[in-house]
Structures are given as C-alpha cells and as structure tokens.
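Engineer: Dropping the structure in here first, questions after.
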Amino acid sequence: MTTPSSRPQVLCLSGHDPSGGAGIQADIEAVAAQGAHALGVITALTVQDSCNVRRVIPIDADLFAEQLDLLLSDCRVDAIKLGVLGDATQVPVILRTIEHCRVPVVVDPVLRAGGGGTLAGDTTAAALMQHLLPVATLTTPNAAEARLLVPEAIDLAACASSLLDRGCRNVLITGGDEDTPEVENHLHRRDLPATTYRWTRLPRGFHGAGCTLASATAARLALGESLETAVESAQRYVQTTLERSLRIGNGRAIPGRL
Ligand code: PLP
C-alpha cells in the first residue's frame with residue numbers, strides 16, 4: 001500500500017465561468033500546473049461565454065461561510081487567492097478566513113471582463129478597496145482596473161502608490177490591456193524601486209489570463225517562493241500558457257494551462 005503524498009494547498013475564492021477560461025477553473029488548472037492543490041469555494045455563478053460576461057449571480061454569504069467553515073476545520077491552507085467577489089456581504093466572511101489562515105493572500109481585483117461586462121458593482125468594488133486590499137500580500141490589477149480603483153491618480157505609478165498607502169503590501173499592475181509594443185508589467189513594493197517585466201505581446205486578446213496569473217502566483221507563494229520569485233515565475237508560466245492558447249468558441253482564446 002502506498003502512502004498518500006501531499007502538496008501545498010491554495011484556497012481559491014472565485015467565480016465560476018462556464019466557458020472554463022477564467023474563474024475557478026482557471027485557478028484549479030493554474031494551481032495544479034505549479035504542483036499545488038486548489039481548494040475551491042465559489043463566490044458567484046456567471047452567465048458568460050468566451051466573448052463576454054452577461055450576468056453575475058452571487059452565492060449567498062451564509063452558504064459561502066458554511067463551506068469555508070467546514071473546509072478550514074479540515075484542510076491546511078498555504079496561500080489564498082481571491083478573484084471575483086459575489087457581493088459585499090461576502091467580505092466579512094473572507095476577512096475572517098484571512099485572519100484564521102494567516103498565509104499569503106493574492107487579490108485579483110476583478111471589476112470588468114475583457115469583453116467589457118461588469119463583474120463588480122460600485123458597492124462591491126468599494127468593499128474590496130476598503131477591506132480586502134489592505135490585507136493583501138499582493139494585488140494584481142490590470143492597468144484598467146488600477147485606474148478604476150484609484151480614479152484620482154495621475155498615472156499608473158500613482159495608482160500603485162495609493163494602493164500601497166492603503167495597506168496592500170505589493171502591487172503588480174499588468175499591461176496586457178495597454179497599447180504598448182511589449183506587455184509591460186510593473187511590480188511595486190514598499191520602500192523599493194519598481195521592477196518592470198517585459199513580455200512579447202501576442203497578436204490576440206485572451207480570456208482568463210489575469211486569473212491564471214494571480215492563482216499561479218498564489219501557488220508559487222504556497223510552494224515557499226519569495227514574492228519576487230513567485231511573481232516572476234508565475235508571469236513566465238502565463239506567457240507559456242498564452243503561447244499555447246486554446247480556441248473554445250467565437251470570442252477570445254483561453255490560456256493553455258495544462
Ligand atoms: N469570469 C470570472 C469568473 C472571472 O474571475 C474573470 C476574471 O477574473 C472573468 C470572467 C473575466 O476574465 P477576462 O477579463 O480575462 O475575460
């Protein structure tokens with residue numbers, strides 16, 4: 001008889017995307033590809049395809065809490081990844097979970113889908129900003145999300161400073177949605193100069209790249225990598241997944257994560 005092995009475990013709190021491009025399926029695949037195990041609790045169901053999101057249906061906060069309470073009484077958690085929030089009533093439950101686990105937390109502040117559909121209303125975005133970013137080890141907004149989170153900032157560096165001032169320990173602003181010849185991602189840390197990573201821009205948009213990056217980074221942190229190493233190795237992984245992307249419908253291709 002063989003003894004079961006174990007892997008670092010990443011608690012993924014994410015929405016369900018039936019296309020399998022983004023959300024919890026992206027997390028499970030990306031986490032598994034790093035050699036870790038995903039524990040998945042769904043924040044919201046969505047009506048969407050590979051083109052756009054039509055509707056977000058939050059999971060009731062009591063049901064969400066019940067799943068977490070049972071899971072956490074049984075399973076070890078080595079990192080947490082937070083994606084789409086169902087609504088603001090889930091925030092106290094998530095804060096309790098973060099407090100209980102005391103592990104690195106990667107927050108992907110998902111506000112809008114690449115297709116333009118809304119994934120978080122104003123109240124949810126405000127709750128994320130006020131309560132969850134301050135307890136994040138790392139947040140990974142794309143450039144558009146960073147500007148939405150800090151509308152008064154004059155540029156992306158000012159967005160990052162403002163997020164750091166509010167308590168978030170590290171900010172990675174990704175530039176896949178910008179108009180630069182290469183994709184430029186900027187890591188901002190407290191009291192250190194920013195680091196810029198440059199990646200070949202591939203000639204298409206993708207659905208689920210942001211979820212893949214955030215969950216791969218959380219898995220790398222769960223494996224014990226430093227923040228800088230995790231951020232770099234997760235970006236390298238994402239670039240590989242985009243180079244071998246899958247066409248699943250009429251919209252954007254999804255990362256080939258496995
Ligand atoms: N649906 C869910 C459940 C998500 O978590 C996300 C992104 O995090 C999206 C859709 C949108 O993904 P994209 O902007 O890559 O299309």
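Identifiers in the structure tokens: chain A, B, ... in order shown; residue index from 1 per chain; ligand index from 1 in order shown.
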Restrict the calculation to only C-alpha atoms and all ligand atoms, then for each residue of chain A with any atom at most 7 Å from an atom of ligand 1 give the closest atom pair and their distance in Å to one decimal, rows by chain and rising residue number, as JSON lines.
Structural biologist:
{"residue": "A:Ser14", "atom": "CA", "partner": "ligand 1", "partner_atom_place_in_ligand_line": "5 (O)", "distance": 6.0}
{"residue": "A:Gly15", "atom": "CA", "partner": "ligand 1", "partner_atom_place_in_ligand_line": "3 (C)", "distance": 3.8}
{"residue": "A:His16", "atom": "CA", "partner": "ligand 1", "partner_atom_place_in_ligand_line": "3 (C)", "distance": 4.8}
{"residue": "A:Asp17", "atom": "CA", "partner": "ligand 1", "partner_atom_place_in_ligand_line": "3 (C)", "distance": 4.7}
{"residue": "A:Ala22", "atom": "CA", "partner": "ligand 1", "partner_atom_place_in_ligand_line": "4 (C)", "distance": 4.8}
{"residue": "A:Gly23", "atom": "CA", "partner": "ligand 1", "partner_atom_place_in_ligand_line": "5 (O)", "distance": 3.6}
{"residue": "A:Ile24", "atom": "CA", "partner": "ligand 1", "partner_atom_place_in_ligand_line": "3 (C)", "distance": 6.8}
{"residue": "A:Thr46", "atom": "CA", "partner": "ligand 1", "partner_atom_place_in_ligand_line": "3 (C)", "distance": 6.5}
{"residue": "A:Asn52", "atom": "CA", "partner": "ligand 1", "partner_atom_place_in_ligand_line": "16 (O)", "distance": 6.7}
{"residue": "A:Val53", "atom": "CA", "partner": "ligand 1", "partner_atom_place_in_ligand_line": "10 (C)", "distance": 6.4}
{"residue": "A:Gly83", "atom": "CA", "partner": "ligand 1", "partner_atom_place_in_ligand_line": "5 (O)", "distance": 5.4}
{"residue": "A:Val84", "atom": "CA", "partner": "ligand 1", "partner_atom_place_in_ligand_line": "5 (O)", "distance": 4.9}
{"residue": "A:Asp108", "atom": "CA", "partner": "ligand 1", "partner_atom_place_in_ligand_line": "8 (O)", "distance": 7.0}
{"residue": "A:Val110", "atom": "CA", "partner": "ligand 1", "partner_atom_place_in_ligand_line": "8 (O)", "distance": 5.1}
{"residue": "A:Arg112", "atom": "CA", "partner": "ligand 1", "partner_atom_place_in_ligand_line": "14 (O)", "distance": 6.4}
{"residue": "A:Ala113", "atom": "CA", "partner": "ligand 1", "partner_atom_place_in_ligand_line": "14 (O)", "distance": 3.5}
{"residue": "A:Gly114", "atom": "CA", "partner": "ligand 1", "partner_atom_place_in_ligand_line": "14 (O)", "distance": 3.6}
{"residue": "A:Gly115", "atom": "CA", "partner": "ligand 1", "partner_atom_place_in_ligand_line": "16 (O)", "distance": 6.0}
{"residue": "A:Phe206", "atom": "CA", "partner": "ligand 1", "partner_atom_place_in_ligand_line": "15 (O)", "distance": 6.2}
{"residue": "A:His207", "atom": "CA", "partner": "ligand 1", "partner_atom_place_in_ligand_line": "15 (O)", "distance": 3.7}
{"residue": "A:Gly208", "atom": "CA", "partner": "ligand 1", "partner_atom_place_in_ligand_line": "15 (O)", "distance": 3.6}
{"residue": "A:Ala209", "atom": "CA", "partner": "ligand 1", "partner_atom_place_in_ligand_line": "15 (O)", "distance": 5.3}
{"residue": "A:Gly210", "atom": "CA", "partner": "ligand 1", "partner_atom_place_in_ligand_line": "15 (O)", "distance": 5.7}
{"residue": "A:Cys211", "atom": "CA", "partner": "ligand 1", "partner_atom_place_in_ligand_line": "8 (O)", "distance": 4.9}
Engineer: For the structure I just gave you, how does DSSP split region 71-232 of chain A - specifically, which residues are strand (DSSP E or B)? Reply as a PyMOL selection string.
Structural biologist: chain A and resi 79-82+105-107+112+118+138-139+142+170-174+183-189+195-199+206
Engineer: Determine the nearest neighbour of Gly175 (chain A) from the options A:Cys159, A:Leu202, A:Leu128, A:Asn142, counting only C-alpha atoms.
Structural biologist: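 So, comparing all the options, the nearest one is A:Asn142.
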Engineer: If we count only C-alpha atoms and set the cut-off at 8 Å, which residues sit around His188 (chain A), ignoring sequence neighbours fewer than 4 positions away in its own chain? Please answer as a list in words.
Structural biologist: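 Listing them by chain and then by number gives Ala160, Ser161, Asn170, Val171, Leu172, Leu192, Pro193, Ala194 and Thr195 of chain A.
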Engineer: Write out as a PyMOL selection string all residues of region 40-139 of chain A that backbone DSSP assigns to helix (DSSP H, G or I).
Structural biologist: chain A and resi 61-72+88-101+122-135
Engineer: Of the candidates A:Met129, A:Leu149, A:Ala79, A:Leu63, which one gets nearest to Ala219 (chain A) if we count only C-alpha atoms?
Structural biologist: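 Of A:Met129, A:Leu149, A:Ala79, A:Leu63, the one nearest Ala219 (chain A), counting only C-alpha atoms, is A:Ala79.
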Engineer: Write out as a list in words each polymer residue whose atoms come within 10 Å of Pro181 (chain A), counting only C-alpha atoms; drop sequence neighbours fewer than 5 positions from it.
Structural biologist: Arg198, Trp199, Thr200, Arg201 and Leu202 of chain A
Engineer: Just checking: using only C-alpha atoms, which residue out of A:Gly116, A:Gly176, A:Pro58, A:Pro18 ends up closest to Ala88 (chain A)?
Structural biologist: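 Residue with the minimum atom-to-atom distance to Ala88 (chain A): A:Pro58.
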Engineer: Just give me the gap between CA of Gly249 (chain A) and CA of Ser50 (chain A) in Å, one decimal is fine.
Structural biologist: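 A separation of 6.0 Å between them.
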Engineer: How many Å separate CA of Ile57 (chain A) from CA of Asp27 (chain A)?
Structural biologist: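 Calculated distance between CA of Ile57 (chain A) and CA of Asp27 (chain A) is 19.1 Å.
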Engineer: So that I can see what lies close to Leu111 (chain A), please list as a ChimeraX atom specification the residues with an atom at most 7 Å from it, counting only C-alpha atoms and leaving out residues fewer than 2 positions away in the same chain.
Structural biologist: /A:109,113,118-120,145
Engineer: Expressed in Å to a single decimal, how great is the separation between CA of Ser215 (chain A) and CA of Lys81 (chain A)?
Structural biologist: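 Going from CA of Ser215 (chain A) over to CA of Lys81 (chain A) covers 5.9 Å.
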Engineer: From the set A:Val47, A:Ala157, A:Ala143, A:Leu132, which residue has the shortest atom-to-atom contact distance to Thr180 (chain A), counting only C-alpha atoms?
Structural biologist: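 Of A:Val47, A:Ala157, A:Ala143, A:Leu132, the one nearest Thr180 (chain A), counting only C-alpha atoms, is A:Ala143.
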Engineer: Compile the contact shell of Gly40 (chain A) as a PDB file with all heavy atoms, in the first residue's frame: residues with an atom at most 7 Å away, counting only C-alpha atoms, same-chain residues fewer than 5 positions apart removed.
Structural biologist:
ATOM      1  N   LEU A  11      -6.219  28.060  -1.258  1.00  0.00           N
ATOM      2  CA  LEU A  11      -7.662  28.287  -1.157  1.00  0.00           C
ATOM      3  C   LEU A  11      -8.036  29.345  -2.192  1.00  0.00           C
ATOM      4  O   LEU A  11      -7.568  30.485  -2.135  1.00  0.00           O
ATOM      5  CB  LEU A  11      -8.009  28.776   0.254  1.00  0.00           C
ATOM      6  CG  LEU A  11      -9.473  29.126   0.494  1.00  0.00           C
ATOM      7  CD1 LEU A  11     -10.385  27.913   0.314  1.00  0.00           C
ATOM      8  CD2 LEU A  11      -9.651  29.728   1.883  1.00  0.00           C
ATOM      9  N   CYS A  12      -8.870  28.939  -3.161  1.00  0.00           N
ATOM     10  CA  CYS A  12      -9.279  29.845  -4.246  1.00  0.00           C
ATOM     11  C   CYS A  12     -10.727  30.262  -4.029  1.00  0.00           C
ATOM     12  O   CYS A  12     -11.615  29.404  -4.001  1.00  0.00           O
ATOM     13  CB  CYS A  12      -9.138  29.142  -5.593  1.00  0.00           C
ATOM     14  SG  CYS A  12      -7.438  28.623  -5.927  1.00  0.00           S
ATOM     15  N   LEU A  13     -10.951  31.545  -3.855  1.00  0.00           N
ATOM     16  CA  LEU A  13     -12.301  32.085  -3.687  1.00  0.00           C
ATOM     17  C   LEU A  13     -12.601  32.841  -4.973  1.00  0.00           C
ATOM     18  O   LEU A  13     -12.090  33.944  -5.196  1.00  0.00           O
ATOM     19  CB  LEU A  13     -12.341  33.029  -2.482  1.00  0.00           C
ATOM     20  CG  LEU A  13     -11.768  32.442  -1.178  1.00  0.00           C
ATOM     21  CD1 LEU A  13     -11.786  33.479  -0.058  1.00  0.00           C
ATOM     22  CD2 LEU A  13     -12.528  31.186  -0.768  1.00  0.00           C
ATOM     23  N   ILE A  24     -12.821  29.933 -11.377  1.00  0.00           N
ATOM     24  CA  ILE A  24     -12.335  28.818 -10.560  1.00  0.00           C
ATOM     25  C   ILE A  24     -11.630  27.751 -11.398  1.00  0.00           C
ATOM     26  O   ILE A  24     -10.668  27.133 -10.946  1.00  0.00           O
ATOM     27  CB  ILE A  24     -13.495  28.217  -9.723  1.00  0.00           C
ATOM     28  CG1 ILE A  24     -12.956  27.372  -8.575  1.00  0.00           C
ATOM     29  CG2 ILE A  24     -14.461  27.424 -10.579  1.00  0.00           C
ATOM     30  CD1 ILE A  24     -12.410  28.149  -7.436  1.00  0.00           C
TER      31      ILE A  24
END
Engineer: Determine, counting only C-alpha atoms, which protein, DNA and RNA residues have an atom within 10 Å of an atom of Ala218 (chain A); residues of the same chain fewer than 6 positions away are not included. Present the result as a list in words.
Structural biologist: Gln9, Val10, Leu11, Cys12, Asp27, Ala30, Val31, Gln34, Ala36, Asp78, Ala79, Ile80, Lys81, Leu82, Pro104, Val105, Val106, Val107, Thr137, Leu138, Thr212, Gly224, Glu225, Leu227, Ala230, Val231 and Ala234 of chain A
Engineer: Measuring between only C-alpha atoms, which one of A:Gln130, A:Thr140, A:Gly20, A:Val41 shows the shortest distance to Thr97 (chain A)?
Structural biologist: A:Val41
